[in-house]
Protein chains: 2
Amino acid sequence: MTAPVAKTVKPPRKTGPRAVAKDASGARKLVKAAQSAGDGAPSETPKGPRAKAGEARKAAILKAALAVFARQGLDGASVEAIAQAAGISKANLLYYHPSKDALYLAVLEQGLALWLAPLSRFTEADDPAEAIAALIGAKLVLSRDHPEVSRLFALEMLRGAPLLKPVLAGPLKAVFDAKVAVIQAWVAAGKLSRVDPPHLIFAIWALTQHYADFAVQVRALSGKTLSDKAFMDETQAAITALVLDGARRR
Amino acid sequence: MTAPVAKTVKPPRKTGPRAVAKDASGARKLVKAAQSAGDGAPSETPKGPRAKAGEARKAAILKAALAVFARQGLDGASVEAIAQAAGISKANLLYYHPSKDALYLAVLEQGLALWLAPLSRFTEADDPAEAIAALIGAKLVLSRDHPEVSRLFALEMLRGAPLLKPVLAGPLKAVFDAKVAVIQAWVAAGKLSRVDPPHLIFAIWALTQHYADFAVQVRALSGKTLSDKAFMDETQAAITALVLDGARRR
DNA sequence: TCCATGTTTGACCAAATGGTCCAAGTTCGA
DNA sequence: TCGAACTTGGACCATTTGGTCAAACATGGA
């Protein structure tokens, strides 16, 4: 078990700014974060230099934490290791993020918008082939530029998504259903072959995320990484071609 | 760190049968296992009832370990938890498998053959469409019947494949290259469209494994699981159709 | 039947780890 | 300039956990 249960009622002595409640169901936080994922305005409160610096440090910690969590997993990562990666002491890290779990939640929350965004970008009015190609492109860019985010979510899925399940069942399902409808409409309008919409979406996710999540394997077998411009282009072309036209000779 | 380094030289007092050496590079073991993956004969030594029972118990432990490791990861799983899942005491588990790492290695080793098998099943002589469909089918069956194996390997990839890298670079790459050549030949012979062979293989892996690794998400969004016969068939059809013919209308 | 060999477990140990505390700096703003 | 509030980290604590050990318990074969 990660979080030891306090025998005695611990006095809420927390001093840190914005001590995140390690509420049993941080899941709720994630759902809210997902819902407001599109909103551009992050926060309106005017900040003094103190608060701003604090915010920056908090972000730096989050960045370090993402890197470590994405590689080692929640259990494999030690707070000490994350602190070290962030260049501060463990105690100091715990000053900004009240607990390892809270930190993990914050990291997840931070990646959520990025992770959910690409799907919400096409509508019935778009040209199917273009829209699909664009979705593939967007997800692939994400796999190249933020592979840790992809890995973190993959890790979370493999765990059974204890924290994410509500997000999946709520906000994500909403977008998903909407896009399924869009694809369905395309098919009905004869603009697309008789594909199965849900599976098409799964396919695009699987194909693109694979290059982040299984990067080691891709690298071991092909010798390349998405960071190689040529390989990136080649991959995007290959996936797009496959999804749009398949492998069978016409 | 998972394995505390013994300060004093610990006398090799191990009594358990077949104490697996927790050699720094258990990776070598995996490579050997992978190479002999095809061999049917498991072992020829005639066994007394004692040894046979031991073997059975060892296998039971492996099964329990697979289940736990695949969900919790190497670090998240406690030996105690695995022992409990296997219905024995921790000390007893450690009698059969000398250390957590050795157990993990054994689990990985056990899953390896299953994991590597499907790819090695097609040759240039086969009909491309049929061979590809068969590969998809085989991998999907694996995702349905042994999702834990898929998850375990996914977990390993996400960690950066510390143990598997040699397998990837060795035996797997060998098969991979061979199959790339086969696909290349098909393309050259005009039996297949101008696909990129490596990416086609990656695609098939990604598409099929997705349903095991991201099962929670698939379930949350579609409400179905591969265990549902109808969904299984539908999925297989969808993936096969996509890979062979794509989504674009002809 | 008897015991050598294999099996099982509770007790125990040391290291690692999440988290707390407090004393010693910093720094902003009045 | 001065102090109240914010930061920082070393020391410390309790729990978890991988692993050991010795003593009790089976059991198959002579």
# chains A, B, ... in the order shown; residues from 1 in each chain; ligands from 1
>>> interface_residues(of="chain B", to="chain A", cutoff="7 Å", atoms="only C-alpha atoms", output="PyMOL selection string")
chain B and resi 71-72+75-76+129+151+157-161+168-169+173+191-193+195-196+199+203+206-207+210+213-214+216-217+220-221+238+242-249
>>> residues_around(residues="Lys179 of chain A", least_positions_apart="3", cutoff="8 Å", atoms="only C-alpha atoms (C1' of nucleotides)", output="list in words")
Leu119, Ser120, Phe122, Thr123, Val175, Phe176, Val182 and Ile183 of chain A
>>> atom_distance(atom1="atom CA of Leu93 of chain A", atom2="atom CA of Leu114 of chain A")
24.4 Å
>>> atom_distance(atom1="atom CA of Ala67 of chain B", atom2="atom C1' of DG18 of chain C")
26.5 Å
>>> residues_around(residues="DT7 of chain D", least_positions_apart="6", cutoff="10 Å", atoms="only C-alpha atoms (C1' of nucleotides)", output="PyMOL selection string")
(chain A and resi 16+54+92+95) or (chain C and resi 25-27)
>>> write_last_selection(atoms="C-alpha atoms (C1' of nucleotides)", output="PDB file, in the first residue's frame")
ATOM      1  CA  GLY A  16       2.231  24.697   1.859  1.00  0.00           C
ATOM      2  CA  GLY A  54       6.091  29.304  -6.390  1.00  0.00           C
ATOM      3  CA  ASN A  92      10.780  20.692  -0.131  1.00  0.00           C
ATOM      4  CA  TYR A  95       5.987  21.301   0.728  1.00  0.00           C
TER       5      TYR A  95
ATOM      6  C1'  DG C  25      17.276  31.101   6.027  1.00  0.00           C
ATOM      7  C1'  DT C  26      14.802  34.389   2.401  1.00  0.00           C
ATOM      8  C1'  DT C  27      12.056  37.883   0.726  1.00  0.00           C
TER       9       DT C  27
END
>>> closest_atom_pairs(of="chain D", to="chain B", cutoff="10 Å", atoms="only C-alpha atoms (C1' of nucleotides)", output="tab-separated table")
residue	atom	partner	partner_atom	distance
D:DT16	C1'	B:Ser78	CA	9.6
D:DT17	C1'	B:Ser78	CA	7.3
D:DG18	C1'	B:Ala3	CA	7.0
D:DG19	C1'	B:Ser99	CA	7.6
D:DT20	C1'	B:Ala91	CA	9.1
D:DT27	C1'	B:Arg50	CA	8.7
D:DG28	C1'	B:Arg50	CA	8.0
>>> closest_residue(among="B:Ile88, B:Val180, B:Ala34, B:Ala56", to="chain C", atoms="only C-alpha atoms (C1' of nucleotides)")
B:Ile88
>>> closest_residue(among="A:Ile82, A:Arg57, A:Ser89, A:Asp126", to="DG9 of chain D", atoms="only C-alpha atoms (C1' of nucleotides)")
A:Ser89
>>> interface_residues(of="chain C", to="chain B", cutoff="8 Å", atoms="only C-alpha atoms (C1' of nucleotides)", output="number ranges by chain")
C: 6, 8-9, 15-16
>>> atom_distance(atom1="atom CA of Ala81 of chain B", atom2="atom CA of Val68 of chain B")
7.7 Å
>>> residues_around(residues="Ala117 of chain B", least_positions_apart="4", cutoff="12 Å", atoms="only C-alpha atoms (C1' of nucleotides)", output="ChimeraX atom specification")
/B:34-39,111-113,121-122,135,138-139,142,171-172,175-176
